[in-house]
Amino acid sequence: MRLLGARTYAVTAAAVAGLLTLTGTGATATATPATTTTASAEAEAADRAGAPTAAATTTVEKVPYAMDSSNQAAWWTPLATYKGAGQYTYMAFNEPGSSASTHRPAIARRAPDGSWSRLPLLNSSGTQAEFTDDLGHNQPSVARDGSGRLHVFTSMHCNPWRYFRTESPGGSVTDHAAELPDAGQGITYPVLTTAPNGDLYLTARVGCGNDQRPGKLYRWDNAASRWSTVATFAAAQYRAVYPDDLAVDSAGRVHILYEWSKAPSSAFRHQLSYLRYDPATGTFADSTGAAATVPATPATADVIQDLTAGEQWSTDNTGYTGPAVQSAKLTLNGSAPRVAYRYRSEDSAGVFRVYYAAPGSGGWARQTVYAGGQTMAALGITRDGTEGERVYYVTASGTDRVFAAHAVGGAWQPQSVVPGVTADRLAVRRDSDGNDVLYLPDTARGTLHYGRR
């Protein structure tokens with residue numbers, strides 16, 4: 001599959017020292033004091049029918065707060081949206097700490113009029129919380145409940161809960177860790193989402209044993225203002241669970257995406273899996289609707305990407321070069337799951353390709369989205385009423401690095417999302433107005449961008 005770039009474009013891109021305006025294929029650069037940029041691109045005609053596809057317009061803004069270089073992950077859910085009088089966006093991120101090896105979590109809040117405000121996470125003494133950097137583990141996840149309270153989980157790698165919440169809309173974000181079940185347990189990878197009824201659901205890896213590290217599902221009862229444990233959804237001897245994503249459908253059923261590694265942990269995971277929970281009945285099911293027993297194991301899980309030739313269960317975080325899964329994200333087509341994930345196969349020359357998967361009559365059907373070169377760990381997937389599923393990914397190099405692909409005529413067509421903006425990670429949420437809201441960190445330059453398309 002060939003990576004397609006824009007044939008012509010008009011883009012204004014924020015840079016650290018100012019902004020550059022690029023026009024046409026033979027672009028020249030001029031300085032401008034603007035702080036908001038709009039990017040659009042016309043994709044090349046490349047589908048099998050030969051018909052061109054037009055890229056969605058992306059509006060990009062630089063978030064007006066400094067970002068720490070530790071603000072990078074793949075599993076996180078650092079973005080939430082809310083429709084009130086207009087669209088509000090909440091971007092949880094790491095600010096620079098008091099030293100190069102620390103960070104301070106905060107929320108950047110964007111109001112419907114485009115104004116920004118900053119909400120620091122405050123510890124029990126009233127000062128901004130600060131934690132030691134730990135790449136891949138210390139990033140924040142955020143959600144807004146039905147009463148307007150913001151919930152943030154952050155900076156945990158086998159640490160007791162680090163949980164912050166507002167008491168009312170617009171209030172301070174303060175420490176509420178004592179309210180969580182499993183007090184004193186080591187927590188890692190908190191993934192968070194809001195249900196249509198205003199409740200929250202949370203998955204996390206709980207425990208730090210060398211023999212196994214299970215995954216648990218928790219629920220915030222918005223009416224009662226309390227957390228409870230739903231279930232240990234996955235656990236197995238000599239295996240560790242890696243939560244990837246959560247989504248709740250209109251019927252309130254919770255869709256869970258996760259991976260397995262050899263215990264105690266590994267940068268390279270296997271057997272990407274799916275599970276669905278129905279709070280109305282308290283039961284779990286697989287993608288066919290068949291009843292599932294929890295905790296699931298690798299032998300009983302609904303596996304999306306099974307082991308392939310040459311794949312091994314390894315805890316080698318640096319030297320293992322065989323097939324592996326590394327990250328995945330989830331969206332819904334009604335109540336049906338749609339998955340984007342990165343997988344390195346035996347024949348991919350060390351490259352993690354991007355794939356799409358959906359359940360079918362014969363099990364999970366998989367398609368290659370992008371195989372043109374190395375990608376970064378972070379992914380996103382949304383469902384658009386016109387284009388269908390959009391799979392977002394970041395390439396490891398290139399002038400344009402953030403892409404969204406959708407299927408046209410049976411082939412996945414990539415489009416550059418923010419030409420000229422040097423983001424190297426991403427997260428995506430679909431808002432209630434039908435826009436994809438983008439979270440775009442540039443870790444080399446210490447900047448975070450907000451995008452909407």
# chains A, B, ... in the order shown; residues from 1 in each chain; ligands from 1

$ residues_around --residues "range 177-179 of chain A" --least-positions-apart "2" --cutoff "7 Å" --atoms "only C-alpha atoms" --output "count of residues only"
6

$ closest_atom_pairs --of "range 360-388 of chain A" --to "range 234-245 of chain A" --cutoff "12 Å" --atoms "only C-alpha atoms" --output "Markdown table"
| residue | atom | partner | partner_atom | distance |
| --- | --- | --- | --- | --- |
| A:Ala377 | CA | A:Asp244 | CA | 11.6 |
| A:Ala378 | CA | A:Asp244 | CA | 10.6 |
| A:Leu379 | CA | A:Asp244 | CA | 10.3 |
| A:Gly380 | CA | A:Asp245 | CA | 10.0 |
| A:Ile381 | CA | A:Asp245 | CA | 10.6 |

$ write_last_selection --atoms "N, CA and C atoms" --output "CSV table (one decimal), in the first residue's frame"
chain,number,residue,atom,x,y,z
A,377,ALA,N,3.7,4.7,18.7
A,377,ALA,CA,2.8,3.8,19.4
A,377,ALA,C,1.3,4.3,19.4
A,378,ALA,N,1.1,5.6,19.5
A,378,ALA,CA,-0.2,6.2,19.7
A,378,ALA,C,-1.1,6.1,18.4
A,379,LEU,N,-2.3,5.7,18.7
A,379,LEU,CA,-3.3,5.5,17.6
A,379,LEU,C,-4.6,6.2,18.0
A,380,GLY,N,-5.5,6.3,17.1
A,380,GLY,CA,-6.9,6.7,17.3
A,380,GLY,C,-7.8,6.2,16.3
A,381,ILE,N,-9.1,6.0,16.7
A,381,ILE,CA,-10.1,5.6,15.7
A,381,ILE,C,-11.4,6.2,16.1

$ select_by_dssp --residues "range 61-136 of chain A" --states "strand (DSSP E)" --output "number ranges by chain"
A: 61-62, 79-83, 87-96, 102-110, 116-122, 131-132

$ write_last_selection --atoms "C-alpha atoms" --output "PDB file, in the first residue's frame"
ATOM      1  CA  GLU A  61      -4.484  25.662  17.901  1.00  0.00           C
ATOM      2  CA  LYS A  62      -1.427  25.646  20.078  1.00  0.00           C
ATOM      3  CA  LEU A  79      -9.036  14.007  26.139  1.00  0.00           C
ATOM      4  CA  ALA A  80     -12.706  14.586  27.013  1.00  0.00           C
ATOM      5  CA  THR A  81     -15.449  16.701  25.446  1.00  0.00           C
ATOM      6  CA  TYR A  82     -18.799  18.033  26.666  1.00  0.00           C
ATOM      7  CA  LYS A  83     -21.682  19.762  24.866  1.00  0.00           C
ATOM      8  CA  GLN A  87     -18.462  22.381  22.917  1.00  0.00           C
ATOM      9  CA  TYR A  88     -16.016  22.210  25.816  1.00  0.00           C
ATOM     10  CA  THR A  89     -12.746  20.307  25.567  1.00  0.00           C
ATOM     11  CA  TYR A  90     -10.605  19.033  28.453  1.00  0.00           C
ATOM     12  CA  MET A  91      -6.986  18.064  27.751  1.00  0.00           C
ATOM     13  CA  ALA A  92      -5.108  16.437  30.644  1.00  0.00           C
ATOM     14  CA  PHE A  93      -1.353  16.783  30.257  1.00  0.00           C
ATOM     15  CA  ASN A  94       1.980  16.937  32.056  1.00  0.00           C
ATOM     16  CA  GLU A  95       3.498  20.347  32.698  1.00  0.00           C
ATOM     17  CA  PRO A  96       7.243  20.693  33.420  1.00  0.00           C
ATOM     18  CA  THR A 102       9.620  15.443  37.201  1.00  0.00           C
ATOM     19  CA  HIS A 103       6.254  16.649  35.887  1.00  0.00           C
ATOM     20  CA  ARG A 104       3.132  18.379  37.220  1.00  0.00           C
ATOM     21  CA  PRO A 105      -0.271  17.219  35.864  1.00  0.00           C
ATOM     22  CA  ALA A 106      -2.903  19.750  34.828  1.00  0.00           C
ATOM     23  CA  ILE A 107      -5.996  20.137  32.644  1.00  0.00           C
ATOM     24  CA  ALA A 108      -6.196  22.626  29.781  1.00  0.00           C
ATOM     25  CA  ARG A 109      -9.858  23.586  29.355  1.00  0.00           C
ATOM     26  CA  ARG A 110     -11.087  25.091  26.082  1.00  0.00           C
ATOM     27  CA  TRP A 116      -8.366  28.568  27.459  1.00  0.00           C
ATOM     28  CA  SER A 117      -8.062  28.087  31.213  1.00  0.00           C
ATOM     29  CA  ARG A 118      -5.736  25.941  33.253  1.00  0.00           C
ATOM     30  CA  LEU A 119      -6.719  23.613  36.098  1.00  0.00           C
ATOM     31  CA  PRO A 120      -3.727  22.233  38.048  1.00  0.00           C
ATOM     32  CA  LEU A 121      -4.100  18.958  39.961  1.00  0.00           C
ATOM     33  CA  LEU A 122      -3.754  19.838  43.648  1.00  0.00           C
ATOM     34  CA  PHE A 131       5.611  13.177  40.221  1.00  0.00           C
ATOM     35  CA  THR A 132       8.753  11.536  38.875  1.00  0.00           C
TER      36      THR A 132
END

$ residues_around --residues "Gln312 in chain A" --least-positions-apart "5" --cutoff "9 Å" --atoms "only C-alpha atoms" --output "mmCIF file with N, CA and C atoms, in the first residue's frame"
data_model
loop_
_atom_site.group_PDB
_atom_site.id
_atom_site.type_symbol
_atom_site.label_atom_id
_atom_site.label_comp_id
_atom_site.auth_asym_id
_atom_site.auth_seq_id
_atom_site.Cartn_x
_atom_site.Cartn_y
_atom_site.Cartn_z
ATOM 1 N N HIS A 270 0.812 -9.353 23.195
ATOM 2 C CA HIS A 270 0.280 -10.368 22.294
ATOM 3 C C HIS A 270 -1.222 -10.531 22.507
ATOM 4 N N LEU A 307 -1.522 -15.127 17.857
ATOM 5 C CA LEU A 307 -0.105 -15.324 17.597
ATOM 6 C C LEU A 307 0.111 -15.736 16.146
ATOM 7 N N TYR A 320 13.878 -8.253 21.944
ATOM 8 C CA TYR A 320 12.914 -9.091 21.248
ATOM 9 C C TYR A 320 12.477 -8.411 19.952
ATOM 10 N N GLY A 322 10.629 -10.198 17.469
ATOM 11 C CA GLY A 322 9.613 -11.004 16.820
ATOM 12 C C GLY A 322 8.259 -10.320 16.756
ATOM 13 N N PRO A 323 7.259 -11.029 16.254
ATOM 14 C CA PRO A 323 5.912 -10.455 16.137
ATOM 15 C C PRO A 323 5.345 -10.054 17.489
ATOM 16 N N ALA A 324 4.582 -8.947 17.497
ATOM 17 C CA ALA A 324 4.004 -8.445 18.737
ATOM 18 C C ALA A 324 2.975 -7.373 18.433
#

$ closest_atom_pairs --of "range 296-331 of chain A" --to "range 352-374 of chain A" --cutoff "9 Å" --atoms "only C-alpha atoms" --output "Markdown table"
| residue | atom | partner | partner_atom | distance |
| --- | --- | --- | --- | --- |
| A:Val303 | CA | A:Trp364 | CA | 8.2 |
| A:Ile304 | CA | A:Trp364 | CA | 5.8 |
| A:Gln305 | CA | A:Trp364 | CA | 8.2 |
| A:Ala324 | CA | A:Phe352 | CA | 8.5 |
| A:Val325 | CA | A:Phe352 | CA | 8.2 |
| A:Gln326 | CA | A:Phe352 | CA | 8.1 |

$ write_last_selection --atoms "N, CA and C atoms" --output "mmCIF file, in the first residue's frame"
data_model
loop_
_atom_site.group_PDB
_atom_site.id
_atom_site.type_symbol
_atom_site.label_atom_id
_atom_site.label_comp_id
_atom_site.auth_asym_id
_atom_site.auth_seq_id
_atom_site.Cartn_x
_atom_site.Cartn_y
_atom_site.Cartn_z
ATOM 1 N N VAL A 303 -10.043 -13.233 20.985
ATOM 2 C CA VAL A 303 -8.770 -12.703 20.500
ATOM 3 C C VAL A 303 -8.944 -12.106 19.104
ATOM 4 N N ILE A 304 -8.541 -10.865 18.960
ATOM 5 C CA ILE A 304 -8.623 -10.162 17.682
ATOM 6 C C ILE A 304 -7.407 -10.478 16.820
ATOM 7 N N GLN A 305 -6.226 -10.398 17.395
ATOM 8 C CA GLN A 305 -4.979 -10.687 16.696
ATOM 9 C C GLN A 305 -4.259 -11.807 17.440
ATOM 10 N N ALA A 324 4.582 -8.947 17.497
ATOM 11 C CA ALA A 324 4.004 -8.445 18.737
ATOM 12 C C ALA A 324 2.975 -7.373 18.433
ATOM 13 N N VAL A 325 2.034 -7.211 19.361
ATOM 14 C CA VAL A 325 1.108 -6.081 19.383
ATOM 15 C C VAL A 325 1.716 -5.021 20.300
ATOM 16 N N GLN A 326 1.458 -3.748 20.012
ATOM 17 C CA GLN A 326 1.967 -2.737 20.932
ATOM 18 C C GLN A 326 0.922 -1.733 21.400
#

$ closest_residue --among "A:Thr57, A:Pro414, A:Ala74, A:Ala224" --to "Ala427 in chain A" --atoms "only C-alpha atoms"
A:Ala74

$ closest_residue --among "A:Glu387, A:Asp442, A:Asp347, A:Glu259" --to "Tyr189 in chain A" --atoms "only C-alpha atoms"
A:Glu259

$ residues_around --residues "Tyr439 in chain A" --least-positions-apart "2" --cutoff "9 Å" --atoms "only C-alpha atoms" --output "NGL selection string"
:A and (78-79 or 91 or 425-429 or 437 or 441 or 448-451)

$ residues_around --residues "Ala336 in chain A" --least-positions-apart "6" --cutoff "12 Å" --atoms "only C-alpha atoms" --output "PDB file with C-alpha atoms, in the first residue's frame"
ATOM      1  CA  ALA A 247     -16.351   2.602  24.860  1.00  0.00           C
ATOM      2  CA  VAL A 248     -19.977   2.589  26.028  1.00  0.00           C
ATOM      3  CA  ASP A 249     -22.818   2.141  23.526  1.00  0.00           C
ATOM      4  CA  SER A 250     -26.267   3.753  23.635  1.00  0.00           C
ATOM      5  CA  ALA A 251     -27.657   0.767  25.568  1.00  0.00           C
ATOM      6  CA  ARG A 253     -22.940  -1.786  27.430  1.00  0.00           C
ATOM      7  CA  VAL A 254     -19.228  -1.383  28.082  1.00  0.00           C
ATOM      8  CA  HIS A 255     -16.758  -2.492  25.395  1.00  0.00           C
ATOM      9  CA  ILE A 256     -13.249  -3.344  26.630  1.00  0.00           C
ATOM     10  CA  TYR A 274     -12.113  -7.851  23.319  1.00  0.00           C
ATOM     11  CA  LEU A 275     -14.835  -8.173  25.948  1.00  0.00           C
ATOM     12  CA  ARG A 276     -18.271  -6.608  26.518  1.00  0.00           C
ATOM     13  CA  ASP A 286     -17.727 -11.745  23.351  1.00  0.00           C
ATOM     14  CA  SER A 287     -18.089 -10.005  19.989  1.00  0.00           C
ATOM     15  CA  THR A 288     -20.660 -12.571  18.797  1.00  0.00           C
ATOM     16  CA  GLY A 289     -22.857 -11.965  21.831  1.00  0.00           C
ATOM     17  CA  LEU A 330     -11.652   1.214  19.858  1.00  0.00           C
ATOM     18  CA  ALA A 357     -10.375  -5.189  12.664  1.00  0.00           C
ATOM     19  CA  ALA A 358     -14.121  -5.792  12.884  1.00  0.00           C
ATOM     20  CA  PRO A 359     -16.091  -8.899  13.904  1.00  0.00           C
ATOM     21  CA  GLY A 360     -17.635 -10.905  11.079  1.00  0.00           C
ATOM     22  CA  TRP A 364     -12.497 -11.039  13.426  1.00  0.00           C
ATOM     23  CA  ARG A 383     -16.571   6.669  13.142  1.00  0.00           C
TER      24      ARG A 383
END

$ atom_distance --atom1 "CA of Thr308 in chain A" --atom2 "CA of Lys216 in chain A"
27.4 Å

$ atom_distance --atom1 "CA of Leu332 in chain A" --atom2 "CA of Gly388 in chain A"
10.6 Å

$ atom_distance --atom1 "CA of Gly420 in chain A" --atom2 "CA of Thr375 in chain A"
17.7 Å
